[in-house]
Each structure stands twice: as C-alpha cells, then as structure tokens.
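Chemist: Sharing upload.txt (compact mmCIF, C-alpha atoms (C1' of nucleotides)) below.
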# COMPACT_ATOMS: atom_id res chain seq x y z
CA MET K 1287 9.26 -10.90 17.50
CA ALA K 1288 6.31 -11.80 19.67
CA GLY K 1289 5.08 -8.37 20.56
CA ARG K 1290 5.82 -6.43 17.42
CA SER K 1291 3.08 -4.48 15.72
CA VAL K 1292 2.32 -4.96 12.07
CA ASP K 1293 2.48 -2.36 9.34
CA LEU K 1294 -0.91 -1.85 7.78
CA PHE K 1295 -1.54 -3.45 4.47
CA GLN K 1296 -2.41 -0.76 2.02
CA GLY K 1297 -6.13 -0.31 1.68
CA THR K 1298 -7.19 -1.43 5.12
CA LEU K 1299 -6.90 1.87 6.92
CA ASP K 1300 -10.08 3.35 5.49
CA VAL K 1301 -12.36 0.62 6.71
CA LEU K 1302 -10.72 0.68 10.13
CA ILE K 1303 -11.37 4.39 10.41
CA LEU K 1304 -14.93 4.12 9.16
CA LYS K 1305 -15.59 1.53 11.81
CA SER K 1306 -13.99 3.68 14.50
CA VAL K 1307 -16.29 6.60 13.80
CA SER K 1308 -19.41 4.50 13.43
CA TRP K 1309 -20.79 5.05 16.93
CA ALA K 1310 -20.24 8.60 17.99
CA PRO K 1311 -18.19 11.64 17.00
CA ILE K 1312 -14.58 10.92 17.75
CA HIS K 1313 -11.34 12.76 17.07
CA GLY K 1314 -8.28 11.47 15.27
CA TYR K 1315 -6.00 10.92 18.19
CA SER K 1316 -8.67 8.93 19.92
CA ILE K 1317 -9.20 6.75 16.86
CA ALA K 1318 -5.55 5.75 16.93
CA ARG K 1319 -5.71 4.95 20.63
CA TRP K 1320 -8.86 2.90 20.23
CA LEU K 1321 -7.41 0.85 17.36
CA GLU K 1322 -4.29 0.07 19.34
CA GLN K 1323 -6.27 -0.88 22.36
CA THR K 1324 -8.77 -3.03 20.48
CA THR K 1325 -6.03 -4.93 18.72
CA GLN K 1326 -3.64 -5.16 21.66
CA ASP K 1327 -1.13 -3.03 19.78
CA VAL K 1328 -1.10 -5.24 16.71
CA LEU K 1329 -2.45 -2.40 14.60
CA ARG K 1330 -0.64 0.86 15.12
CA VAL K 1331 -1.70 3.82 13.03
CA GLU K 1332 0.85 6.57 12.64
CA GLU K 1333 -0.40 10.12 12.61
CA GLY K 1334 1.21 10.69 9.24
CA SER K 1335 -1.11 8.01 7.88
CA LEU K 1336 -4.15 8.82 9.95
CA TYR K 1337 -4.70 12.48 9.25
CA PRO K 1338 -4.29 12.27 5.49
CA ALA K 1339 -6.70 9.35 5.55
CA LEU K 1340 -9.26 11.33 7.51
CA HIS K 1341 -8.98 14.17 5.03
CA ARG K 1342 -9.44 11.77 2.15
CA LEU K 1343 -12.54 10.27 3.67
CA GLU K 1344 -13.93 13.70 4.38
CA ALA K 1345 -13.26 14.82 0.81
CA ARG K 1346 -15.17 11.78 -0.39
CA GLY K 1347 -18.10 12.71 1.78
CA LEU K 1348 -17.92 9.58 3.91
CA ILE K 1349 -17.32 11.42 7.15
CA VAL K 1350 -17.89 14.97 8.37
CA ALA K 1351 -15.84 16.95 10.84
CA GLU K 1352 -16.68 19.46 13.48
CA TRP K 1353 -14.38 21.28 15.87
CA GLY K 1354 -14.97 20.71 19.52
CA LEU K 1355 -13.26 20.17 22.83
CA SER K 1356 -11.70 16.87 23.78
CA GLU K 1357 -12.05 15.11 27.10
CA ASN K 1358 -8.82 16.84 28.10
CA ASN K 1359 -10.03 20.26 27.20
CA ARG K 1360 -8.11 20.50 24.00
CA ARG K 1361 -9.19 21.70 20.56
CA ALA K 1362 -10.05 18.63 18.52
CA LYS K 1363 -11.82 17.75 15.31
CA PHE K 1364 -14.62 15.27 15.82
CA TYR K 1365 -15.52 13.01 12.93
CA GLU K 1366 -18.79 11.31 12.25
CA LEU K 1367 -20.13 8.94 9.59
CA THR K 1368 -22.40 10.28 6.90
CA PRO K 1369 -25.14 8.01 5.53
CA SER K 1370 -22.95 7.45 2.51
CA GLY K 1371 -20.09 6.58 4.83
CA ARG K 1372 -22.22 4.04 6.60
CA ARG K 1373 -23.02 2.36 3.31
CA GLN K 1374 -19.35 2.41 2.41
CA LEU K 1375 -18.45 0.81 5.72
CA ARG K 1376 -20.78 -2.07 4.96
CA VAL K 1377 -19.30 -2.49 1.50
CA GLU K 1378 -15.70 -2.38 2.64
CA ALA K 1379 -16.27 -4.65 5.60
CA SER K 1380 -17.77 -7.24 3.33
CA THR K 1381 -14.97 -6.81 0.80
CA TRP K 1382 -12.47 -7.33 3.55
CA ALA K 1383 -14.21 -10.47 4.74
CA ARG K 1384 -14.20 -11.94 1.25
CA PHE K 1385 -10.58 -11.08 0.79
CA ALA K 1386 -9.38 -12.32 4.16
CA ASP K 1387 -11.22 -15.55 3.65
CA ALA K 1388 -9.63 -16.04 0.26
CA VAL K 1389 -6.13 -15.44 1.57
CA SER K 1390 -6.73 -17.80 4.44
CA ARG K 1391 -7.88 -20.46 2.04
CA VAL K 1392 -4.66 -20.10 0.08
CA LEU K 1393 -2.43 -20.18 3.13
CA ALA K 1394 -4.25 -23.19 4.50
CA ALA K 1395 -4.03 -25.18 1.28
CA THR K 1396 -2.10 -28.40 1.64
CA ALA K 1397 -1.56 -29.40 -1.95
CA GLN K 1398 -1.83 -28.02 -5.41
CA PRO K 1399 -4.17 -29.47 -8.01
CA ALA K 1400 -3.04 -31.26 -11.14
CA MET Y 348 -21.50 -6.91 -7.10
CA ALA Y 349 -21.72 -10.54 -6.06
CA GLY Y 350 -19.07 -12.04 -8.29
CA ARG Y 351 -16.50 -9.29 -8.44
CA SER Y 352 -12.90 -10.07 -7.66
CA VAL Y 353 -10.96 -8.00 -5.16
CA ASP Y 354 -7.86 -5.99 -5.80
CA LEU Y 355 -5.01 -7.25 -3.72
CA PHE Y 356 -4.13 -5.30 -0.65
CA GLN Y 357 -0.58 -4.17 -0.94
CA GLY Y 358 1.78 -6.53 0.79
CA THR Y 359 -0.17 -9.74 0.44
CA LEU Y 360 1.08 -10.85 -2.94
CA ASP Y 361 4.45 -12.06 -1.70
CA VAL Y 362 3.08 -14.50 0.81
CA LEU Y 363 0.57 -15.81 -1.72
CA ILE Y 364 3.36 -16.47 -4.17
CA LEU Y 365 5.61 -18.07 -1.59
CA LYS Y 366 2.79 -20.41 -0.68
CA SER Y 367 2.13 -21.23 -4.33
CA VAL Y 368 5.68 -22.35 -4.91
CA SER Y 369 5.99 -24.27 -1.68
CA TRP Y 370 5.29 -27.74 -3.07
CA ALA Y 371 6.95 -28.17 -6.40
CA PRO Y 372 8.55 -26.05 -9.12
CA ILE Y 373 5.82 -24.05 -10.79
CA HIS Y 374 5.81 -21.31 -13.41
CA GLY Y 375 4.27 -17.86 -13.15
CA TYR Y 376 1.26 -18.35 -15.33
CA SER Y 377 0.37 -21.44 -13.39
CA ILE Y 378 0.65 -19.59 -10.09
CA ALA Y 379 -1.93 -17.08 -11.25
CA ARG Y 380 -4.29 -19.84 -12.39
CA TRP Y 381 -3.91 -21.73 -9.14
CA LEU Y 382 -4.64 -18.67 -7.02
CA GLU Y 383 -7.77 -17.88 -8.99
CA GLN Y 384 -8.94 -21.43 -8.77
CA THR Y 385 -8.24 -21.81 -5.07
CA THR Y 386 -10.08 -18.62 -4.23
CA GLN Y 387 -12.92 -19.05 -6.70
CA ASP Y 388 -11.76 -15.98 -8.58
CA VAL Y 389 -11.77 -13.74 -5.53
CA LEU Y 390 -8.03 -13.20 -5.86
CA ARG Y 391 -6.93 -12.32 -9.34
CA VAL Y 392 -3.27 -11.60 -9.91
CA GLU Y 393 -2.43 -9.55 -12.96
CA GLU Y 394 0.68 -10.44 -14.89
CA GLY Y 395 1.97 -6.92 -14.48
CA SER Y 396 1.98 -7.55 -10.74
CA LEU Y 397 3.03 -11.16 -10.77
CA TYR Y 398 6.22 -11.08 -12.79
CA PRO Y 399 7.77 -8.11 -11.02
CA ALA Y 400 6.92 -9.80 -7.73
CA LEU Y 401 8.60 -13.02 -8.82
CA HIS Y 402 11.70 -11.08 -9.80
CA ARG Y 403 11.72 -9.30 -6.47
CA LEU Y 404 11.47 -12.54 -4.55
CA GLU Y 405 14.20 -14.06 -6.65
CA ALA Y 406 16.44 -11.06 -6.07
CA ARG Y 407 15.90 -11.46 -2.35
CA GLY Y 408 16.94 -15.08 -2.57
CA LEU Y 409 13.59 -16.46 -1.45
CA ILE Y 410 12.93 -18.37 -4.65
CA VAL Y 411 15.07 -19.69 -7.47
CA ALA Y 412 14.16 -20.04 -11.13
CA GLU Y 413 14.99 -22.55 -13.77
CA TRP Y 414 13.89 -22.65 -17.37
CA GLY Y 415 11.92 -25.67 -18.44
CA LEU Y 416 9.02 -26.85 -20.52
CA SER Y 417 5.45 -26.39 -19.40
CA GLU Y 418 2.70 -29.00 -19.58
CA ASN Y 419 1.77 -27.45 -22.92
CA ASN Y 420 5.22 -27.71 -24.33
CA ARG Y 421 6.05 -24.07 -23.93
CA ARG Y 422 9.15 -22.40 -22.58
CA ALA Y 423 8.51 -21.49 -18.96
CA LYS Y 424 10.43 -20.42 -15.88
CA PHE Y 425 9.87 -22.72 -12.94
CA TYR Y 426 10.21 -21.26 -9.46
CA GLU Y 427 11.03 -23.07 -6.27
CA LEU Y 428 11.40 -22.07 -2.62
CA THR Y 429 14.84 -21.73 -1.12
CA PRO Y 430 15.33 -22.64 2.54
CA SER Y 431 15.36 -18.94 3.30
CA GLY Y 432 12.12 -18.59 1.34
CA ARG Y 433 10.53 -21.31 3.38
CA ARG Y 434 11.42 -19.51 6.57
CA GLN Y 435 10.04 -16.30 5.13
CA LEU Y 436 6.81 -18.04 4.21
CA ARG Y 437 6.37 -19.08 7.81
CA VAL Y 438 7.06 -15.57 9.04
CA GLU Y 439 4.73 -13.88 6.59
CA ALA Y 440 1.95 -16.39 7.08
CA SER Y 441 2.05 -15.79 10.78
CA THR Y 442 2.18 -12.03 10.30
CA TRP Y 443 -0.84 -12.26 8.07
CA ALA Y 444 -2.75 -14.30 10.62
CA ARG Y 445 -2.02 -11.80 13.36
CA PHE Y 446 -3.02 -8.94 11.15
CA ALA Y 447 -6.19 -10.49 9.80
CA ASP Y 448 -7.26 -11.41 13.28
CA ALA Y 449 -6.71 -7.86 14.48
CA VAL Y 450 -8.72 -6.36 11.64
CA SER Y 451 -11.51 -8.82 12.25
CA ARG Y 452 -11.58 -7.89 15.89
CA VAL Y 453 -11.99 -4.23 14.96
CA LEU Y 454 -14.70 -4.85 12.43
CA ALA Y 455 -16.58 -7.08 14.83
CA ALA Y 456 -16.47 -4.60 17.70
CA THR Y 457 -19.89 -3.49 18.84
CA ALA Y 458 -19.06 -0.53 21.00
CA GLN Y 459 -16.23 1.77 21.80
CA PRO Y 460 -14.75 2.06 25.27
CA ALA Y 461 -15.03 5.11 27.46
C1' DA W 969 7.14 31.63 36.03
C1' DT W 970 9.50 28.07 33.66
C1' DT W 971 10.04 23.67 32.15
C1' DG W 972 8.57 19.41 30.53
C1' DT W 973 5.21 16.12 29.02
C1' DC W 974 1.21 14.84 26.77
C1' DT W 975 -2.43 15.70 23.53
C1' DC W 976 -3.97 16.88 19.05
C1' DC W 977 -3.54 18.47 14.28
C1' DA W 978 -0.89 18.83 10.14
C1' DT W 979 2.36 18.54 6.02
C1' DA W 980 6.35 17.13 3.18
C1' DG W 981 8.88 13.69 1.09
C1' DA W 982 10.35 9.08 0.42
C1' DC W 983 9.07 4.53 -0.63
C1' DA W 984 6.98 0.22 -2.05
C1' DT W 985 3.63 -2.19 -4.42
C1' DT W 986 -0.02 -2.99 -7.54
C1' DC W 987 -2.45 -1.73 -11.56
C1' DT W 988 -3.35 -0.82 -16.69
C1' DA W 989 -1.54 -1.15 -20.98
C1' DT W 990 1.28 -3.08 -24.14
C1' DG W 991 4.31 -6.12 -26.60
C1' DG W 992 6.21 -10.37 -28.34
C1' DA W 993 6.97 -15.17 -29.41
C1' DG W 994 5.88 -19.87 -29.80
C1' DG W 995 2.46 -23.97 -29.74
C1' DC W 996 -1.63 -25.76 -31.42
C1' DG W 997 -5.97 -26.52 -33.80
C1' DA W 998 -9.31 -25.26 -37.50
C1' DT M 296 -2.46 -19.43 -42.47
C1' DC M 297 -5.18 -17.66 -39.28
C1' DG M 298 -6.48 -17.02 -34.70
C1' DC M 299 -6.38 -18.28 -29.95
C1' DC M 300 -4.03 -19.48 -25.89
C1' DT M 301 0.09 -19.72 -23.14
C1' DC M 302 3.96 -17.61 -21.07
C1' DC M 303 7.26 -13.92 -20.10
C1' DA M 304 8.27 -9.15 -19.71
C1' DT M 305 8.49 -3.91 -19.15
C1' DA M 306 6.96 0.92 -18.76
C1' DG M 307 4.28 4.19 -16.52
C1' DA M 308 0.70 5.78 -13.53
C1' DA M 309 -1.73 5.66 -9.37
C1' DT M 310 -2.27 4.89 -4.66
C1' DG M 311 -1.48 4.69 0.16
C1' DT M 312 1.52 4.26 4.06
C1' DC M 313 5.63 5.43 6.42
C1' DT M 314 9.29 8.47 8.66
C1' DA M 315 10.31 12.80 10.04
C1' DT M 316 9.12 17.07 11.49
C1' DG M 317 6.68 20.97 13.28
C1' DG M 318 3.59 23.58 16.17
C1' DA M 319 0.40 24.91 19.74
C1' DG M 320 -2.23 24.50 23.81
C1' DA M 321 -3.31 22.05 28.55
C1' DC M 322 -1.64 20.71 32.67
C1' DA M 323 1.56 19.36 36.45
C1' DA M 324 5.74 19.91 38.85
C1' DT M 325 9.42 22.57 40.53
Could you render the structure as structure tokens?
Modeler:
Amino acid sequence: MAGRSVDLFQGTLDVLILKSVSWAPIHGYSIARWLEQTTQDVLRVEEGSLYPALHRLEARGLIVAEWGLSENNRRAKFYELTPSGRRQLRVEASTWARFADAVSRVLAATAQPA
Amino acid sequence: MAGRSVDLFQGTLDVLILKSVSWAPIHGYSIARWLEQTTQDVLRVEEGSLYPALHRLEARGLIVAEWGLSENNRRAKFYELTPSGRRQLRVEASTWARFADAVSRVLAATAQPA
DNA sequence: ATTGTCTCCATAGACATTCTATGGAGGCGA
DNA sequence: TCGCCTCCATAGAATGTCTATGGAGACAAT
C-alpha cells in the first residue's frame, strides 16, 4: 500500500493543470510527467482525464493552444495561460487552500462539542 | 468572496463522515452541524449529499444505525463506527494526507524542471 | 526494411458522487 | 393554530474522472 498512487479527487485536476502551464508553453504529455515527478507518483493523471480537461480549460478561455514540435521532434500542442487563466489559478489555489485546511481541521479534531 | 463556503471535492465526504461518527453515536443532522461548526462554515454538507452517503457507508458495513431520540426529543437515526469503519477511517485519512500534501507541493512549486 | 517501443493526441462509455429541489412529519413556542 | 426548526428521505441533473481503445509519427535495433 505504501507506494500506490491516489485517484484524483474530482475538481482538483483543473488547478493542477493551470499551475503546470503557468511558466511556459507546455504540452499535455509533459504536464502529466511533471505532475508525477513533482509528487513522486502520488498524483497520476490519466490521458483520458487530461485531454478532456485541457479542452475544457481551453473552451473556457483559461488557456490557449498552439501546435509546435516537442523536444523529441514530435507534433505537440503547447498550452499557455491566458490572463483570465492566471486569475483563475489564483482563485482556485486559494479555494483549495481553504478547503484543504478545513478538511485537515476536521480530521485532526479530537472531540466533538456538546 | 471572503465568506463563501466551498463545494466538496468528490470523494472527501466519506472520510469526513467517518470522522464525525468516530466518538459516539450521532445523527445525520448533527453531523452536518458539527462539520460546519468545526470548519467555520467552509465545509457545508447538503442533506441531499449527506443522507445518501450515510446509506452508502451503512451498506458497506462501515457504520451502523439505530433509531433513537435526539436532544430535541425528535426521532433520529444514530450512526456509529464499526470496527471495519474504524480501519477505513484510518486508511482514508492517510490517503487524504498523502493527496493533500501532493497537491500542496504542486501548487507551491516555483519552477518546472528541464 | 521491418519491427517494436515510446511519445503525443484523442474519443467513447461507464461510473461514482455531489448538488438542487422537493417533500413530509413531528416538536415546540408564540 | 400558526409558523419555524429539526430530522429523514428521494429523484433527477450535472459534473468530472476513470478504463479502454485507437492512431500516427519518431527513433533505435535487428
């Protein structure tokens, strides 16, 4: 059980993607690799989740895509944050922090009130 | 925006409930109140989510129910952890911790690797 | 040249969970 | 008796993630 990865909790993928594309244009496959690497394989994003998510974010105008060539000389779509996407990243990161803190408070509670 | 509550991320409700019932028999309505109170209204559990979740957990044998009378003299179903539920609480709490830590690591990252 | 492996994109379909909306019944106080 | 609060419950919609699958091109090895 020690090394298993964790299924994503619904709603977290978007903010993870927004963060991944917040520095420089990056393609989908690379996003997945970076997330796995950064989290030591705790977060594993399946392609069947990733690409629909990217399309959603693009449709909402939070990221924009452009075709290019990957490091390995392959056709790849590079995504980048729009200004609106950058605002959304801030919002969702702060929402996540509030939420995670609240859950932690519950799980750390040692007794219930009267 | 400051005081808004956060929709639950799918998958977190179970562990919150298991924790809520981990001390003494408690009924559904009271679970919702306790969660709101403990998280200063950040986590708000709707009844349409709560009761189905309780039934799910009961069906899985993680909690057991017994009818009783509430503090206000009303008919209420009191839930309690089973031994199997207590084990599950440990598992899910640890899964949550791993997950939350991984997400935090991503959101705190300041640069992407080569 | 052929084969295999890896990269990269993509879609379909199943599945689980949470939400909104709604209803009802009983206790209690005004 | 009227209204509010407590407590349980279900139906239906919406959403997002997963598994499974496919395809095509780059590159290395044989």
Chemist: Write out, as CSV, each residue of chain Y that has an atom at most 6 Å from chain K, together with the closest pair of atoms and their distance in Å to one decimal, counting all atoms listed in the file, rows going by chain and rising number.
Modeler:
residue,atom,partner,partner_atom,distance
Y:Phe356,CA,K:Gln1296,CA,5.5
Y:Gln357,CA,K:Gln1296,CA,4.9
Y:Gly358,CA,K:Phe1295,CA,5.8
Y:Thr386,CA,K:Ala1388,CA,5.2
Y:Ala449,CA,K:Thr1325,CA,5.2
Chemist: Could you check which of W:DA998, W:DA982, W:DA969, W:DA989 is closest to DC299 of chain M, using all atoms listed in the file?
Modeler: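 Closest residue, counting all atoms listed in the file: W:DA998.
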Chemist: When the cut-off is 12 Å and we count only C-alpha atoms (C1' of nucleotides), which residues of chain K are near chain M, given as a list in words?
Modeler: Asp1293, Leu1294, Phe1295, Gln1296, Gly1297, Thr1298, Leu1299, Asp1300, Arg1330, Val1331, Glu1332, Glu1333, Gly1334, Ser1335, Leu1336, Tyr1337, Pro1338, Ala1339, Arg1342, Leu1355, Ser1356, Glu1357, Asn1358, Asn1359, Arg1360, Arg1361 and Ala1362 of chain K
Chemist: Any chance you could dump chain Y, least-squares fitted to chain K on all C-alpha atoms in order, as a JSON list (two decimals) with C-alpha atoms, keeping the file's coordinate frame?
Modeler:
[["chain", "number", "residue", "atom", "x", "y", "z"],
["Y", 348, "MET", "CA", 9.39, -10.97, 17.50],
["Y", 349, "ALA", "CA", 6.44, -11.83, 19.70],
["Y", 350, "GLY", "CA", 5.17, -8.37, 20.52],
["Y", 351, "ARG", "CA", 5.87, -6.49, 17.33],
["Y", 352, "SER", "CA", 3.10, -4.53, 15.69],
["Y", 353, "VAL", "CA", 2.31, -4.98, 12.02],
["Y", 354, "ASP", "CA", 2.46, -2.37, 9.33],
["Y", 355, "LEU", "CA", -0.91, -1.86, 7.79],
["Y", 356, "PHE", "CA", -1.54, -3.45, 4.47],
["Y", 357, "GLN", "CA", -2.41, -0.78, 2.01],
["Y", 358, "GLY", "CA", -6.13, -0.34, 1.67],
["Y", 359, "THR", "CA", -7.21, -1.43, 5.12],
["Y", 360, "LEU", "CA", -6.91, 1.87, 6.92],
["Y", 361, "ASP", "CA", -10.09, 3.35, 5.48],
["Y", 362, "VAL", "CA", -12.37, 0.62, 6.70],
["Y", 363, "LEU", "CA", -10.74, 0.69, 10.13],
["Y", 364, "ILE", "CA", -11.38, 4.40, 10.38],
["Y", 365, "LEU", "CA", -14.94, 4.14, 9.14],
["Y", 366, "LYS", "CA", -15.60, 1.54, 11.79],
["Y", 367, "SER", "CA", -14.00, 3.69, 14.48],
["Y", 368, "VAL", "CA", -16.29, 6.60, 13.77],
["Y", 369, "SER", "CA", -19.42, 4.52, 13.43],
["Y", 370, "TRP", "CA", -20.79, 5.06, 16.93],
["Y", 371, "ALA", "CA", -20.25, 8.60, 18.01],
["Y", 372, "PRO", "CA", -18.21, 11.65, 17.01],
["Y", 373, "ILE", "CA", -14.58, 10.92, 17.76],
["Y", 374, "HIS", "CA", -11.34, 12.76, 17.08],
["Y", 375, "GLY", "CA", -8.28, 11.47, 15.26],
["Y", 376, "TYR", "CA", -6.00, 10.93, 18.19],
["Y", 377, "SER", "CA", -8.69, 8.94, 19.90],
["Y", 378, "ILE", "CA", -9.20, 6.76, 16.84],
["Y", 379, "ALA", "CA", -5.55, 5.77, 16.91],
["Y", 380, "ARG", "CA", -5.71, 4.96, 20.63],
["Y", 381, "TRP", "CA", -8.86, 2.91, 20.21],
["Y", 382, "LEU", "CA", -7.42, 0.86, 17.37],
["Y", 383, "GLU", "CA", -4.29, 0.08, 19.33],
["Y", 384, "GLN", "CA", -6.29, -0.87, 22.36],
["Y", 385, "THR", "CA", -8.77, -3.02, 20.48],
["Y", 386, "THR", "CA", -6.03, -4.94, 18.72],
["Y", 387, "GLN", "CA", -3.65, -5.15, 21.66],
["Y", 388, "ASP", "CA", -1.14, -3.02, 19.79],
["Y", 389, "VAL", "CA", -1.11, -5.23, 16.72],
["Y", 390, "LEU", "CA", -2.46, -2.39, 14.60],
["Y", 391, "ARG", "CA", -0.65, 0.86, 15.10],
["Y", 392, "VAL", "CA", -1.72, 3.82, 13.02],
["Y", 393, "GLU", "CA", 0.83, 6.57, 12.61],
["Y", 394, "GLU", "CA", -0.40, 10.14, 12.61],
["Y", 395, "GLY", "CA", 1.20, 10.71, 9.24],
["Y", 396, "SER", "CA", -1.13, 8.05, 7.88],
["Y", 397, "LEU", "CA", -4.17, 8.84, 9.94],
["Y", 398, "TYR", "CA", -4.71, 12.51, 9.26],
["Y", 399, "PRO", "CA", -4.32, 12.30, 5.49],
["Y", 400, "ALA", "CA", -6.72, 9.37, 5.54],
["Y", 401, "LEU", "CA", -9.28, 11.35, 7.52],
["Y", 402, "HIS", "CA", -9.00, 14.20, 5.04],
["Y", 403, "ARG", "CA", -9.44, 11.82, 2.15],
["Y", 404, "LEU", "CA", -12.55, 10.30, 3.66],
["Y", 405, "GLU", "CA", -13.94, 13.72, 4.39],
["Y", 406, "ALA", "CA", -13.27, 14.85, 0.83],
["Y", 407, "ARG", "CA", -15.15, 11.81, -0.41],
["Y", 408, "GLY", "CA", -18.10, 12.73, 1.76],
["Y", 409, "LEU", "CA", -17.93, 9.60, 3.90],
["Y", 410, "ILE", "CA", -17.32, 11.44, 7.14],
["Y", 411, "VAL", "CA", -17.90, 14.97, 8.37],
["Y", 412, "ALA", "CA", -15.84, 16.95, 10.85],
["Y", 413, "GLU", "CA", -16.68, 19.44, 13.51],
["Y", 414, "TRP", "CA", -14.38, 21.25, 15.88],
["Y", 415, "GLY", "CA", -14.95, 20.66, 19.55],
["Y", 416, "LEU", "CA", -13.26, 20.14, 22.86],
["Y", 417, "SER", "CA", -11.69, 16.84, 23.79],
["Y", 418, "GLU", "CA", -12.03, 15.06, 27.13],
["Y", 419, "ASN", "CA", -8.79, 16.79, 28.11],
["Y", 420, "ASN", "CA", -10.01, 20.21, 27.24],
["Y", 421, "ARG", "CA", -8.09, 20.47, 24.02],
["Y", 422, "ARG", "CA", -9.18, 21.66, 20.61],
["Y", 423, "ALA", "CA", -10.04, 18.62, 18.53],
["Y", 424, "LYS", "CA", -11.82, 17.75, 15.31],
["Y", 425, "PHE", "CA", -14.62, 15.27, 15.81],
["Y", 426, "TYR", "CA", -15.53, 13.01, 12.91],
["Y", 427, "GLU", "CA", -18.82, 11.32, 12.25],
["Y", 428, "LEU", "CA", -20.15, 8.96, 9.58],
["Y", 429, "THR", "CA", -22.41, 10.28, 6.87],
["Y", 430, "PRO", "CA", -25.14, 8.02, 5.51],
["Y", 431, "SER", "CA", -22.95, 7.46, 2.48],
["Y", 432, "GLY", "CA", -20.08, 6.60, 4.81],
["Y", 433, "ARG", "CA", -22.20, 4.05, 6.57],
["Y", 434, "ARG", "CA", -23.00, 2.38, 3.29],
["Y", 435, "GLN", "CA", -19.33, 2.41, 2.39],
["Y", 436, "LEU", "CA", -18.45, 0.83, 5.71],
["Y", 437, "ARG", "CA", -20.77, -2.05, 4.93],
["Y", 438, "VAL", "CA", -19.28, -2.47, 1.48],
["Y", 439, "GLU", "CA", -15.69, -2.36, 2.63],
["Y", 440, "ALA", "CA", -16.28, -4.64, 5.59],
["Y", 441, "SER", "CA", -17.77, -7.22, 3.32],
["Y", 442, "THR", "CA", -14.97, -6.82, 0.79],
["Y", 443, "TRP", "CA", -12.48, -7.33, 3.56],
["Y", 444, "ALA", "CA", -14.22, -10.47, 4.75],
["Y", 445, "ARG", "CA", -14.22, -11.94, 1.27],
["Y", 446, "PHE", "CA", -10.60, -11.09, 0.80],
["Y", 447, "ALA", "CA", -9.40, -12.32, 4.16],
["Y", 448, "ASP", "CA", -11.25, -15.55, 3.67],
["Y", 449, "ALA", "CA", -9.65, -16.06, 0.27],
["Y", 450, "VAL", "CA", -6.15, -15.44, 1.59],
["Y", 451, "SER", "CA", -6.77, -17.81, 4.46],
["Y", 452, "ARG", "CA", -7.92, -20.47, 2.07],
["Y", 453, "VAL", "CA", -4.68, -20.12, 0.11],
["Y", 454, "LEU", "CA", -2.47, -20.20, 3.14],
["Y", 455, "ALA", "CA", -4.28, -23.21, 4.52],
["Y", 456, "ALA", "CA", -4.05, -25.21, 1.31],
["Y", 457, "THR", "CA", -2.11, -28.42, 1.68],
["Y", 458, "ALA", "CA", -1.56, -29.41, -1.90],
["Y", 459, "GLN", "CA", -1.79, -28.03, -5.36],
["Y", 460, "PRO", "CA", -4.08, -29.48, -7.99],
["Y", 461, "ALA", "CA", -2.91, -31.27, -11.09]]
Chemist: Report the distance between atom CA of Arg433 of chain Y and atom CA of Ser377 of chain Y in Å, rounded to one decimal place.
Modeler: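 So the answer is 19.6 Å.
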Chemist: How many Å lie between atom CA of Gly415 of chain Y and atom C1' of DT988 of chain W, rounded to one decimal?
Modeler: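 The value is 29.2 Å.
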Chemist: For chain W, which residue among K:Trp1353, K:Leu1348, K:Pro1311, K:Arg1373 is the nearest when counting only C-alpha atoms (C1' of nucleotides)?
Modeler: K:Trp1353
